[in-house]
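One file, target28.csv, is given below (CSV, C-alpha atoms).
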```csv
chain,number,residue,atom,x,y,z
I,4,MET,CA,-5.5,-14.7,29.8
I,5,HIS,CA,-3.4,-12.3,31.9
I,6,PHE,CA,-0.5,-11.1,29.9
I,7,GLN,CA,0.7,-8.8,32.7
I,8,PHE,CA,1.7,-11.9,34.6
I,9,ILE,CA,3.8,-13.3,31.9
I,10,THR,CA,7.4,-12.1,32.0
I,11,LEU,CA,8.6,-11.3,28.6
I,12,ASN,CA,12.2,-11.4,27.9
I,13,ASN,CA,13.8,-8.6,25.8
I,14,HIS,CA,13.6,-10.6,22.6
I,15,LEU,CA,9.9,-11.2,23.0
I,16,GLN,CA,9.3,-7.6,23.8
I,17,TYR,CA,11.1,-6.6,20.7
I,18,ILE,CA,9.1,-8.9,18.5
I,19,LEU,CA,5.9,-7.5,20.0
I,20,PHE,CA,7.1,-4.0,19.4
I,21,LEU,CA,7.6,-4.9,15.7
I,22,ALA,CA,4.2,-6.6,15.6
I,23,ASP,CA,2.3,-3.8,17.4
I,24,SER,CA,3.7,-1.0,15.3
I,25,THR,CA,2.7,-2.7,12.0
I,26,LEU,CA,-0.7,-3.8,13.4
I,27,ILE,CA,-1.7,-0.4,14.6
I,28,LEU,CA,-0.6,1.4,11.4
I,29,SER,CA,-2.5,-1.3,9.4
I,30,GLN,CA,-5.6,-0.7,11.5
I,31,ARG,CA,-5.3,3.1,11.0
I,32,ASN,CA,-4.7,2.8,7.2
I,33,SER,CA,-7.7,0.4,6.9
I,34,GLU,CA,-10.0,3.2,8.1
I,35,TRP,CA,-9.5,4.7,4.5
I,36,CYS,CA,-11.2,1.6,3.0
I,37,ALA,CA,-14.2,3.0,1.0
I,38,HIS,CA,-13.2,6.5,2.0
I,39,GLY,CA,-10.2,7.1,-0.3
I,40,PRO,CA,-10.0,10.2,-2.4
I,41,ILE,CA,-10.4,8.1,-5.6
I,42,LEU,CA,-11.1,4.4,-6.2
I,43,GLU,CA,-7.6,3.6,-7.4
I,44,GLN,CA,-6.0,5.2,-4.3
I,45,ASP,CA,-8.5,3.6,-2.0
I,46,ILE,CA,-7.2,0.3,-3.3
I,47,ALA,CA,-3.6,1.4,-3.0
I,48,ILE,CA,-3.8,2.4,0.7
I,49,THR,CA,-5.9,-0.7,1.5
I,50,ASN,CA,-3.2,-2.9,-0.1
I,51,ILE,CA,-0.6,-1.2,2.1
I,52,SER,CA,-2.8,-1.8,5.1
I,53,LEU,CA,-3.0,-5.5,4.2
I,54,ASP,CA,0.8,-5.7,3.7
I,55,LEU,CA,1.3,-4.3,7.2
I,56,LEU,CA,-1.3,-6.7,8.6
I,57,GLY,CA,0.6,-9.6,7.1
I,58,GLN,CA,3.8,-8.4,8.6
I,59,ALA,CA,2.1,-8.0,12.0
I,60,ARG,CA,0.7,-11.6,11.8
I,61,ASN,CA,4.1,-13.0,11.0
I,62,PHE,CA,5.6,-11.3,14.1
I,63,TYR,CA,2.7,-12.3,16.4
I,64,GLN,CA,2.8,-15.9,15.2
I,65,HIS,CA,6.5,-16.0,15.9
I,66,ALA,CA,6.1,-14.5,19.3
I,67,ALA,CA,3.3,-16.9,20.1
I,68,ASN,CA,5.5,-19.9,19.2
I,69,LEU,CA,8.3,-18.7,21.4
I,70,LEU,CA,6.0,-18.0,24.3
I,71,ASN,CA,4.4,-21.4,24.0
I,72,GLN,CA,7.8,-23.1,23.9
I,73,SER,CA,9.0,-21.4,27.0
I,74,ASN,CA,5.8,-21.7,28.9
I,75,ALA,CA,5.0,-25.3,28.4
I,76,ASN,CA,2.7,-25.7,31.4
I,77,GLY,CA,0.8,-22.5,31.2
I,78,GLU,CA,-2.0,-21.4,28.9
I,79,THR,CA,-1.2,-21.3,25.2
I,80,VAL,CA,-1.2,-18.0,23.4
I,81,SER,CA,-1.9,-17.3,19.7
I,82,GLU,CA,-1.4,-14.5,17.3
I,83,ASP,CA,-5.1,-13.6,18.0
I,84,SER,CA,-4.7,-13.5,21.8
I,85,LEU,CA,-1.6,-11.3,21.4
I,86,ALA,CA,-3.4,-8.9,19.1
I,87,TYR,CA,-6.8,-8.9,20.7
I,88,LEU,CA,-6.4,-9.5,24.4
I,89,ARG,CA,-3.6,-7.3,25.5
I,90,ASN,CA,-4.3,-3.9,27.0
I,91,GLU,CA,-3.2,-0.4,26.0
I,92,ARG,CA,-0.2,-0.4,28.4
I,93,GLU,CA,1.0,-3.7,27.0
I,94,PHE,CA,1.1,-2.4,23.4
I,95,LYS,CA,4.6,-1.2,22.4
I,96,ASN,CA,3.7,0.4,19.1
I,97,LEU,CA,5.3,3.7,18.1
I,98,LEU,CA,3.1,6.7,18.9
I,99,ILE,CA,3.2,7.9,15.3
I,100,THR,CA,1.3,4.7,14.2
I,101,GLU,CA,-1.7,5.4,16.5
I,102,LEU,CA,-2.2,9.1,15.5
I,103,PRO,CA,-5.4,9.9,13.6
I,104,ASN,CA,-5.3,9.7,9.8
I,105,GLY,CA,-6.2,13.4,9.4
I,106,ASP,CA,-6.5,14.2,5.8
I,107,TRP,CA,-4.8,12.4,2.8
I,108,ALA,CA,-1.6,14.4,3.3
I,109,GLN,CA,-1.2,13.4,6.9
I,110,THR,CA,-1.8,9.8,6.1
I,111,ILE,CA,0.7,9.9,3.3
I,112,LEU,CA,3.4,11.7,5.1
I,113,ARG,CA,3.1,9.4,8.1
I,114,GLN,CA,3.4,6.3,5.8
I,115,PHE,CA,6.4,7.9,4.1
I,116,PHE,CA,8.2,8.6,7.4
I,117,PHE,CA,7.4,5.1,8.8
I,118,SER,CA,8.3,3.2,5.6
I,119,VAL,CA,11.7,4.9,5.3
I,120,TYR,CA,12.4,4.0,8.9
I,121,GLN,CA,11.0,0.5,8.5
I,122,HIS,CA,13.3,-0.1,5.5
I,123,LEU,CA,16.4,0.9,7.4
I,124,LEU,CA,15.4,-1.1,10.5
I,125,TYR,CA,14.4,-4.3,8.6
I,126,SER,CA,17.6,-4.1,6.5
I,127,ARG,CA,19.4,-4.4,9.8
I,128,LEU,CA,17.1,-7.2,10.9
I,129,LEU,CA,18.2,-9.3,7.9
I,130,LYS,CA,21.3,-10.1,10.1
I,131,SER,CA,19.3,-10.9,13.2
I,132,GLU,CA,20.4,-14.1,15.0
I,133,ASP,CA,16.8,-15.1,15.1
I,134,LYS,CA,16.4,-16.6,11.7
I,135,GLN,CA,12.7,-16.2,11.7
I,136,ILE,CA,13.0,-12.5,12.2
I,137,ALA,CA,15.5,-12.3,9.4
I,138,ALA,CA,13.1,-14.2,7.1
I,139,ILE,CA,10.1,-11.9,8.0
I,140,ALA,CA,12.3,-8.9,7.4
I,141,GLU,CA,13.4,-10.2,4.0
I,142,LYS,CA,9.8,-10.8,2.9
I,143,SER,CA,8.6,-7.5,4.2
I,144,LEU,CA,11.3,-5.4,2.6
I,145,LYS,CA,9.9,-6.0,-0.9
I,146,GLU,CA,6.6,-4.6,0.3
I,147,ILE,CA,8.2,-1.7,2.1
I,148,THR,CA,10.2,-0.8,-1.0
I,149,TYR,CA,6.9,-0.3,-2.8
I,150,HIS,CA,5.4,1.6,0.1
I,151,ILE,CA,8.3,4.1,0.0
I,152,LYS,CA,8.0,4.6,-3.8
I,153,TRP,CA,4.3,5.1,-3.6
I,154,SER,CA,4.3,7.5,-0.6
I,155,ARG,CA,7.4,9.3,-1.8
I,156,GLU,CA,5.7,10.2,-5.1
I,157,TRP,CA,2.7,11.5,-3.2
I,158,VAL,CA,4.8,13.6,-0.9
I,159,VAL,CA,6.4,15.3,-3.9
I,160,ARG,CA,3.0,15.6,-5.7
I,161,LEU,CA,1.4,17.3,-2.7
I,162,GLY,CA,4.4,19.4,-1.7
I,163,ASP,CA,5.1,20.7,-5.2
I,164,GLY,CA,1.4,20.7,-6.3
I,165,THR,CA,-1.2,23.3,-5.8
I,166,GLU,CA,-1.4,25.9,-3.1
I,167,GLU,CA,-3.9,23.8,-1.2
I,168,SER,CA,-1.9,20.6,-1.4
I,169,ASN,CA,1.2,22.4,-0.2
I,170,ARG,CA,-0.7,23.9,2.7
I,171,ARG,CA,-2.1,20.6,3.7
I,172,ILE,CA,1.2,18.7,3.6
I,173,LYS,CA,2.9,21.5,5.6
I,174,ALA,CA,0.2,21.2,8.2
I,175,ALA,CA,0.7,17.4,8.3
I,176,LEU,CA,4.5,18.0,8.7
I,177,ASP,CA,3.9,20.4,11.6
I,178,TYR,CA,1.7,17.8,13.3
I,179,LEU,CA,3.7,14.7,12.7
I,180,TRP,CA,7.3,15.9,13.1
I,181,MET,CA,7.5,15.6,16.8
I,182,TYR,CA,6.5,11.9,16.6
I,183,THR,CA,9.5,11.0,14.4
I,184,GLY,CA,12.1,11.2,17.1
I,185,GLU,CA,10.8,8.1,18.8
I,186,PHE,CA,12.0,5.9,15.9
I,187,PHE,CA,15.5,6.5,17.1
I,188,ILE,CA,15.2,6.6,20.8
I,189,PRO,CA,16.3,3.2,22.0
I,190,ALA,CA,14.2,1.1,24.3
I,191,THR,CA,15.8,-1.4,26.7
I,192,PHE,CA,14.6,-4.3,24.6
I,193,GLU,CA,16.0,-3.1,21.3
I,194,GLU,CA,18.6,-5.4,20.1
I,195,SER,CA,20.6,-2.9,18.1
I,196,ASP,CA,20.7,0.8,18.8
I,197,PRO,CA,18.2,2.6,16.4
I,198,SER,CA,19.8,6.0,17.0
I,199,SER,CA,22.4,5.1,14.4
I,200,LEU,CA,19.6,4.9,11.7
I,201,ARG,CA,18.7,8.5,12.2
I,202,GLU,CA,21.3,10.1,9.9
I,203,GLN,CA,20.3,7.9,6.9
I,204,TRP,CA,16.6,8.4,7.6
I,205,LEU,CA,17.1,12.2,7.6
I,206,GLU,CA,19.1,12.1,4.4
I,207,THR,CA,16.3,10.3,2.5
I,208,ILE,CA,13.6,12.6,3.9
I,209,LYS,CA,15.7,15.6,3.1
I,210,GLU,CA,16.3,14.5,-0.5
I,211,VAL,CA,12.6,14.0,-1.1
I,212,PHE,CA,11.6,17.2,0.7
I,213,GLU,CA,13.9,19.1,-1.6
I,214,GLU,CA,12.0,17.7,-4.6
I,215,ALA,CA,8.7,18.5,-2.8
I,216,THR,CA,9.8,22.1,-2.1
I,217,LEU,CA,9.3,21.4,1.7
I,218,GLU,CA,11.6,22.5,4.4
I,219,LEU,CA,13.1,20.0,6.8
I,220,PRO,CA,12.2,21.1,10.4
I,221,ALA,CA,15.1,21.7,12.7
I,222,GLY,CA,15.0,19.1,15.5
I,223,GLY,CA,12.7,20.4,18.2
I,224,PHE,CA,10.9,18.6,21.0
I,225,MET,CA,10.2,14.9,20.3
I,226,GLN,CA,7.4,12.8,21.8
I,227,GLN,CA,8.2,9.3,23.1
I,228,GLY,CA,6.6,6.6,25.2
I,229,GLY,CA,5.0,4.2,22.8
I,230,LYS,CA,7.7,1.6,23.0
I,231,THR,CA,7.3,1.4,26.8
I,232,GLY,CA,3.5,1.4,26.8
I,233,ASN,CA,2.8,5.1,27.5
I,234,HIS,CA,0.4,6.0,24.7
I,235,THR,CA,-1.6,8.9,23.4
I,236,GLU,CA,-5.3,9.1,24.1
I,237,TYR,CA,-5.9,7.6,20.6
I,238,LEU,CA,-4.7,4.0,21.2
I,239,GLY,CA,-7.5,3.2,23.6
I,240,TYR,CA,-10.1,4.0,21.0
I,241,ILE,CA,-8.3,1.9,18.3
I,242,LEU,CA,-8.1,-1.1,20.6
I,243,ALA,CA,-11.7,-0.7,21.7
I,244,GLU,CA,-12.9,-1.0,18.1
I,245,MET,CA,-10.3,-3.6,17.1
I,246,GLN,CA,-10.7,-5.8,20.1
I,247,THR,CA,-14.4,-5.6,20.8
I,248,LEU,CA,-15.4,-8.7,19.0
I,249,GLN,CA,-12.8,-11.0,20.5
I,250,ARG,CA,-13.5,-9.6,24.0
I,251,THR,CA,-17.3,-9.9,23.6
I,252,TYR,CA,-17.2,-13.4,22.0
I,253,PRO,CA,-13.9,-14.9,23.2
I,254,GLY,CA,-12.4,-17.3,20.6
I,255,ALA,CA,-14.9,-16.3,17.9
I,256,GLU,CA,-13.9,-17.5,14.5
I,257,TRP,CA,-15.2,-17.1,11.0
F,20,MET,CA,-29.3,17.3,-14.3
F,21,ASN,CA,-27.9,16.3,-17.6
F,22,ILE,CA,-26.3,12.9,-17.0
F,23,GLN,CA,-25.6,11.1,-20.2
F,24,ILE,CA,-24.5,7.5,-20.0
F,25,ARG,CA,-22.5,6.2,-22.9
F,26,LYS,CA,-21.4,2.6,-23.1
F,27,PHE,CA,-18.1,1.8,-24.8
F,28,TYR,CA,-16.7,-1.5,-25.9
F,29,TYR,CA,-13.1,-2.4,-26.0
F,30,GLY,CA,-11.4,-0.7,-28.9
F,31,ASP,CA,-14.3,1.7,-29.4
F,32,ILE,CA,-13.3,4.6,-27.2
F,33,PRO,CA,-14.0,7.8,-29.0
F,34,GLU,CA,-11.4,10.5,-28.8
F,35,ASP,CA,-13.6,12.8,-26.8
F,36,ALA,CA,-13.8,10.2,-24.0
F,37,GLY,CA,-10.1,10.2,-23.4
F,38,GLY,CA,-10.5,12.0,-20.1
F,39,SER,CA,-8.2,15.1,-20.3
F,40,GLY,CA,-10.0,16.9,-23.0
F,41,SER,CA,-13.3,18.5,-21.9
F,42,SER,CA,-16.0,18.3,-24.4
F,43,ALA,CA,-19.7,18.9,-24.2
F,44,GLN,CA,-20.3,15.2,-24.4
F,45,GLN,CA,-18.6,14.6,-21.1
F,46,PRO,CA,-21.0,16.0,-18.5
F,47,VAL,CA,-20.0,13.6,-15.7
F,48,THR,CA,-16.4,14.7,-15.3
F,49,ASN,CA,-15.3,18.1,-14.1
F,50,GLY,CA,-12.2,20.1,-14.8
F,51,THR,CA,-10.1,18.6,-12.0
F,52,ALA,CA,-10.8,14.9,-12.8
F,53,TRP,CA,-7.7,12.8,-13.6
F,54,PRO,CA,-7.4,11.5,-17.1
F,55,LEU,CA,-8.4,8.0,-18.1
F,56,TRP,CA,-5.7,5.4,-18.9
F,57,GLU,CA,-5.9,2.0,-20.6
F,58,VAL,CA,-4.0,-0.8,-18.9
F,59,PHE,CA,-2.3,-3.7,-20.6
F,60,ILE,CA,-0.9,-6.6,-18.6
F,61,ARG,CA,1.4,-9.4,-19.6
F,62,SER,CA,0.9,-12.5,-17.5
F,63,LYS,CA,3.7,-14.8,-16.4
F,64,GLN,CA,3.1,-17.3,-19.2
F,65,GLY,CA,1.9,-14.7,-21.8
F,66,LEU,CA,3.9,-13.4,-24.7
F,67,ASP,CA,1.8,-10.3,-25.3
F,68,HIS,CA,0.3,-7.6,-23.2
F,69,LYS,CA,-3.5,-7.9,-23.1
F,70,HIS,CA,-6.0,-5.2,-22.3
F,71,ALA,CA,-7.0,-5.5,-18.7
F,72,GLY,CA,-9.2,-2.4,-18.2
F,73,SER,CA,-8.9,1.2,-17.5
F,74,LEU,CA,-8.4,3.5,-14.5
F,75,HIS,CA,-7.8,7.1,-13.6
F,76,ALA,CA,-4.4,8.6,-12.7
F,77,ALA,CA,-2.7,12.0,-12.7
F,78,ASP,CA,0.3,10.9,-14.6
F,79,ALA,CA,2.0,7.9,-16.2
F,80,ALA,CA,3.9,6.9,-13.0
F,81,MET,CA,0.7,7.0,-11.0
F,82,ALA,CA,-1.1,5.1,-13.7
F,83,ILE,CA,1.4,2.2,-13.5
F,84,GLU,CA,1.2,2.1,-9.7
F,85,ASN,CA,-2.6,2.2,-9.8
F,86,ALA,CA,-2.5,-0.6,-12.4
F,87,ARG,CA,-0.2,-2.6,-10.1
F,88,ASP,CA,-2.6,-2.1,-7.2
F,89,VAL,CA,-5.8,-2.6,-9.1
F,90,TYR,CA,-4.9,-5.2,-11.8
F,91,THR,CA,-2.0,-7.3,-10.4
F,92,ARG,CA,-2.9,-7.8,-6.8
F,93,ARG,CA,-3.9,-11.4,-7.5
F,94,GLN,CA,-0.7,-12.2,-9.4
F,95,GLU,CA,-2.2,-11.5,-12.8
F,96,GLY,CA,0.9,-10.2,-14.4
F,97,VAL,CA,4.6,-9.5,-14.5
F,98,SER,CA,4.6,-6.5,-16.9
F,99,ILE,CA,2.4,-3.4,-17.2
F,100,TRP,CA,1.8,-1.0,-20.1
F,101,VAL,CA,-0.4,2.1,-19.7
F,102,VAL,CA,-1.5,4.5,-22.3
F,103,GLU,CA,-3.7,7.5,-21.9
F,104,SER,CA,-7.0,6.6,-23.4
F,105,LYS,CA,-7.1,9.7,-25.6
F,106,TYR,CA,-4.2,8.5,-27.6
F,107,ILE,CA,-6.0,5.4,-28.7
F,108,HIS,CA,-7.7,6.0,-32.0
F,109,ALA,CA,-10.5,3.6,-32.7
F,110,SER,CA,-12.4,2.5,-35.7
F,111,ASN,CA,-16.0,3.8,-35.9
F,112,PRO,CA,-18.6,1.1,-35.1
F,113,ASP,CA,-20.9,2.8,-37.5
F,114,GLU,CA,-18.5,1.9,-40.3
F,115,ALA,CA,-18.5,-1.8,-39.4
F,116,GLU,CA,-20.5,-2.7,-42.6
F,117,SER,CA,-18.0,-1.2,-45.0
F,118,PHE,CA,-15.0,-2.1,-42.9
F,119,TYR,CA,-15.5,-5.7,-42.0
F,120,GLU,CA,-18.3,-7.3,-44.1
F,121,PRO,CA,-16.5,-7.2,-47.4
F,122,ALA,CA,-14.0,-9.8,-46.0
F,123,ALA,CA,-16.8,-12.2,-45.3
F,124,ASP,CA,-17.1,-13.7,-48.8
F,125,LYS,CA,-13.3,-13.9,-49.5
F,126,VAL,CA,-12.7,-17.3,-48.2
F,127,TYR,CA,-9.8,-17.7,-50.7
F,128,ARG,CA,-7.8,-15.4,-48.5
F,129,HIS,CA,-7.4,-18.3,-46.1
F,130,PRO,CA,-4.5,-20.4,-47.0
F,131,SER,CA,-6.6,-23.5,-47.2
F,132,PHE,CA,-6.9,-24.0,-51.0
F,133,TYR,CA,-3.5,-25.5,-51.7
F,134,ASP,CA,-3.0,-29.2,-52.5
F,135,LEU,CA,-0.2,-30.2,-50.2
F,136,PRO,CA,2.2,-32.9,-51.2
F,137,ASP,CA,2.2,-35.8,-48.8
F,138,GLU,CA,5.8,-35.2,-47.8
F,139,VAL,CA,4.8,-31.9,-46.2
F,140,LYS,CA,3.7,-32.5,-42.7
F,141,HIS,CA,2.6,-30.3,-39.9
F,142,MET,CA,0.9,-27.7,-42.0
```
When written as structure tokens, how does the structure in this file appear?
Amino acid sequence: MHFQFITLNNHLQYILFLADSTLILSQRNSEWCAHGPILEQDIAITNISLDLLGQARNFYQHAANLLNQSNANGETVSEDSLAYLRNEREFKNLLITELPNGDWAQTILRQFFFSVYQHLLYSRLLKSEDKQIAAIAEKSLKEITYHIKWSREWVVRLGDGTEESNRRIKAALDYLWMYTGEFFIPATFEESDPSSLREQWLETIKEVFEEATLELPAGGFMQQGGKTGNHTEYLGYILAEMQTLQRTYPGAEW
Amino acid sequence: MNIQIRKFYYGDIPEDAGGSGSSAQQPVTNGTAWPLWEVFIRSKQGLDHKHAGSLHAADAAMAIENARDVYTRRQEGVSIWVVESKYIHASNPDEAESFYEPAADKVYRHPSFYDLPDEVKHM
């Protein structure tokens, strides 16, 4: 399977961008499994990880269907081959999703930033001309609404908690902030301009930060590149772990 | 090491095991542990909330979310109640003899000693 030789139209690239971002964040969150700070929260973050994985699968299955329809004579692709057999440069996930989990505060704050963005984006996808995309967005929004509620409460709890929790979430904010700009920097394949989501996103973040006694950073330099396949050094390691089984035993099933 | 294991049955949780209060009989928890909550779930077909189990949480909002994640992930319910375990007062198992046994020989308390006229159906 040589994905680099398949020309992907913008729509397919867009679906893969949606799929990759949810898959990689799911993979990251799943690292908490059995390592959560307390049993109940271990289950909570793992549930979120599974929600994201379900969303990723829906997008990959849809992309595979479209690819197979347009590529009737070639090799068929599947959700598995799209997830397990593409290389680092072919992944279009947002950089923020591939960053290390850090501590609980960093994981929580990333989830909060991502979920608020995802909610705005998917609300827009409800009107997508691709009915399948609209349907996936509709199903996912129910999950995302809960992810926001859950992560929002944690941000407030940590920000307005103890001296240590406040210090930790501030450190997380310092680390993550420069990766939030990429949400709103449009890539050529994006079907509607995400820069117009920025204002609403900031408004929600600001409102929660006020409650959490956190200060909203003022702009600053923003990282980008994930959408076009230019990743941080972390993605390679994630893919190595995630893909090793399918690459070692192609087509393995259980 | 002074680990003391106490087994509780549903409805028999002593006040000192509620979680937030620290007493000498609670050697396993420390001062920063989250309190214990009892979870009640109403299933889709059910009319009443049934005791599902217990969990730890920092406050009521977190307890409901934890209950959602722990006890309804397989579609077990459509409504959740939580109550901090320390607010549940339980009868003392040691008093079982005086509490429950006196009812054993009072069969006449069951409404099964009336002669029903034939006209009355469905009783």
### Message
Using only C-alpha atoms and a distance of at most 9 Å, pull out the residues of chain I that contact chain F, as a ChimeraX atom specification.
### Response
/I:41-44,46-47,50,153,156
Could the residues in this selection be saved with C-alpha atoms as an mmCIF file, keeping the file's coordinate frame?
```
data_model
loop_
_atom_site.group_PDB
_atom_site.id
_atom_site.type_symbol
_atom_site.label_atom_id
_atom_site.label_comp_id
_atom_site.auth_asym_id
_atom_site.auth_seq_id
_atom_site.Cartn_x
_atom_site.Cartn_y
_atom_site.Cartn_z
ATOM 1 C CA ILE I 41 -10.400 8.100 -5.600
ATOM 2 C CA LEU I 42 -11.100 4.400 -6.200
ATOM 3 C CA GLU I 43 -7.600 3.600 -7.400
ATOM 4 C CA GLN I 44 -6.000 5.200 -4.300
ATOM 5 C CA ILE I 46 -7.200 0.300 -3.300
ATOM 6 C CA ALA I 47 -3.600 1.400 -3.000
ATOM 7 C CA ASN I 50 -3.200 -2.900 -0.100
ATOM 8 C CA TRP I 153 4.300 5.100 -3.600
ATOM 9 C CA GLU I 156 5.700 10.200 -5.100
#
```
### Query
In Å, with one decimal, what is the gap from atom CA of I:Ala67 to atom CA of I:Ile27?
18.1 Å
### Message
As an exercise, work out the distance from atom CA of I:Leu200 to atom CA of I:Gln114 in Å and give it to one decimal place.
### Response
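Interatomic distance, atom CA of I:Leu200 to atom CA of I:Gln114: 17.3 Å.
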### Task
May I have the protein, DNA and RNA residues with an atom at most 10 Å from (14.8, -1.8, 10.5), counting all atoms listed in the file in the file's coordinates, returned as a list in words?
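Those residues lying close to the given coordinates are Leu21, Ser118, Val119, Tyr120, Gln121, His122, Leu123, Leu124, Tyr125, Ser126, Arg127, Leu128, Leu129, Ala140, Leu144, Phe186, Ser195, Pro197 and Leu200 of chain I.
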### Task
For atom CA of I:Lys95 and atom CA of I:Thr148, quote the distance in Å rounded to one decimal.
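If I compute the distance from atom CA of I:Lys95 to atom CA of I:Thr148, I get 24.1 Å.
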### Query
From the set I:Trp157, I:Tyr87, I:Phe187, I:Phe115, which residue has the shortest atom-to-atom contact distance to I:Leu242, counting all atoms listed in the file?
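Comparing I:Trp157, I:Tyr87, I:Phe187, I:Phe115 against I:Leu242, the winner is I:Tyr87.
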Polymer residues at most 9 Å from I:Gly222, all atoms listed in the file, same-chain spacing of 4 or more positions, as an mmCIF file with C-alpha atoms, in the coordinates of the input:
```cif
data_model
loop_
_atom_site.group_PDB
_atom_site.id
_atom_site.type_symbol
_atom_site.label_atom_id
_atom_site.label_comp_id
_atom_site.auth_asym_id
_atom_site.auth_seq_id
_atom_site.Cartn_x
_atom_site.Cartn_y
_atom_site.Cartn_z
ATOM 1 C CA TRP I 180 7.300 15.900 13.100
ATOM 2 C CA MET I 181 7.500 15.600 16.800
ATOM 3 C CA GLY I 184 12.100 11.200 17.100
#
```
### Who sits within 10 Å of I:Phe117, all atoms listed in the file, same chain under 3 positions skipped, as a PyMOL selection string
chain I and resi 24-25+28+97+99-100+111-114+120-122+147+150-151+183+186+204
### Task
May I have the residues within 12 Å of I:Asp133 as a list in words, using only C-alpha atoms and disregarding those fewer than 2 positions away in the same chain?
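Contacts, with the query itself left out: His14, Leu15, Tyr17, Ile18, Phe62, His65, Ala66, Leu69, Leu128, Leu129, Lys130, Ser131, Gln135, Ile136, Ala137, Ala138, Ile139, Ala140 and Glu194 of chain I.
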Create the file for the chosen residues now, containing C-alpha atoms and written as a PDB file, in the coordinates of the input.
```
ATOM      1  CA  HIS I  14      13.600 -10.600  22.600  1.00  0.00           C
ATOM      2  CA  LEU I  15       9.900 -11.200  23.000  1.00  0.00           C
ATOM      3  CA  TYR I  17      11.100  -6.600  20.700  1.00  0.00           C
ATOM      4  CA  ILE I  18       9.100  -8.900  18.500  1.00  0.00           C
ATOM      5  CA  PHE I  62       5.600 -11.300  14.100  1.00  0.00           C
ATOM      6  CA  HIS I  65       6.500 -16.000  15.900  1.00  0.00           C
ATOM      7  CA  ALA I  66       6.100 -14.500  19.300  1.00  0.00           C
ATOM      8  CA  LEU I  69       8.300 -18.700  21.400  1.00  0.00           C
ATOM      9  CA  LEU I 128      17.100  -7.200  10.900  1.00  0.00           C
ATOM     10  CA  LEU I 129      18.200  -9.300   7.900  1.00  0.00           C
ATOM     11  CA  LYS I 130      21.300 -10.100  10.100  1.00  0.00           C
ATOM     12  CA  SER I 131      19.300 -10.900  13.200  1.00  0.00           C
ATOM     13  CA  GLN I 135      12.700 -16.200  11.700  1.00  0.00           C
ATOM     14  CA  ILE I 136      13.000 -12.500  12.200  1.00  0.00           C
ATOM     15  CA  ALA I 137      15.500 -12.300   9.400  1.00  0.00           C
ATOM     16  CA  ALA I 138      13.100 -14.200   7.100  1.00  0.00           C
ATOM     17  CA  ILE I 139      10.100 -11.900   8.000  1.00  0.00           C
ATOM     18  CA  ALA I 140      12.300  -8.900   7.400  1.00  0.00           C
ATOM     19  CA  GLU I 194      18.600  -5.400  20.100  1.00  0.00           C
TER      20      GLU I 194
END
```
Point (11.5, 14.9, 4.6) neighbourhood (12 Å, all atoms listed in the file) written as a compact mmCIF listing (two decimals) with C-alpha atoms, keeping the file's coordinate frame:
```txt
# COMPACT_ATOMS: atom_id res chain seq x y z
CA ILE I 111 0.70 9.90 3.30
CA LEU I 112 3.40 11.70 5.10
CA ARG I 113 3.10 9.40 8.10
CA GLN I 114 3.40 6.30 5.80
CA PHE I 115 6.40 7.90 4.10
CA PHE I 116 8.20 8.60 7.40
CA PHE I 117 7.40 5.10 8.80
CA VAL I 119 11.70 4.90 5.30
CA TYR I 120 12.40 4.00 8.90
CA SER I 154 4.30 7.50 -0.60
CA ARG I 155 7.40 9.30 -1.80
CA VAL I 158 4.80 13.60 -0.90
CA VAL I 159 6.40 15.30 -3.90
CA GLY I 162 4.40 19.40 -1.70
CA ILE I 172 1.20 18.70 3.60
CA LYS I 173 2.90 21.50 5.60
CA ALA I 175 0.70 17.40 8.30
CA LEU I 176 4.50 18.00 8.70
CA ASP I 177 3.90 20.40 11.60
CA LEU I 179 3.70 14.70 12.70
CA TRP I 180 7.30 15.90 13.10
CA THR I 183 9.50 11.00 14.40
CA GLN I 203 20.30 7.90 6.90
CA TRP I 204 16.60 8.40 7.60
CA LEU I 205 17.10 12.20 7.60
CA GLU I 206 19.10 12.10 4.40
CA THR I 207 16.30 10.30 2.50
CA ILE I 208 13.60 12.60 3.90
CA LYS I 209 15.70 15.60 3.10
CA GLU I 210 16.30 14.50 -0.50
CA VAL I 211 12.60 14.00 -1.10
CA PHE I 212 11.60 17.20 0.70
CA GLU I 213 13.90 19.10 -1.60
CA GLU I 214 12.00 17.70 -4.60
CA ALA I 215 8.70 18.50 -2.80
CA THR I 216 9.80 22.10 -2.10
CA LEU I 217 9.30 21.40 1.70
CA GLU I 218 11.60 22.50 4.40
CA LEU I 219 13.10 20.00 6.80
CA PRO I 220 12.20 21.10 10.40
CA ALA I 221 15.10 21.70 12.70
```
### Selection: 10 Å around I:Leu85, only C-alpha atoms, excl. self and same-chain fewer than 3 positions, as a PyMOL selection string
chain I and resi 4+6+19+22-23+60+63-64+66-67+80-82+88-90+93-94
#### Entry: From I:Gly239, I:Gln249, I:His234, I:Glu202, residue lying nearest I:Asp83 [all atoms listed in the file]
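With all atoms listed in the file as the atom set, the closest residue is I:Gln249.
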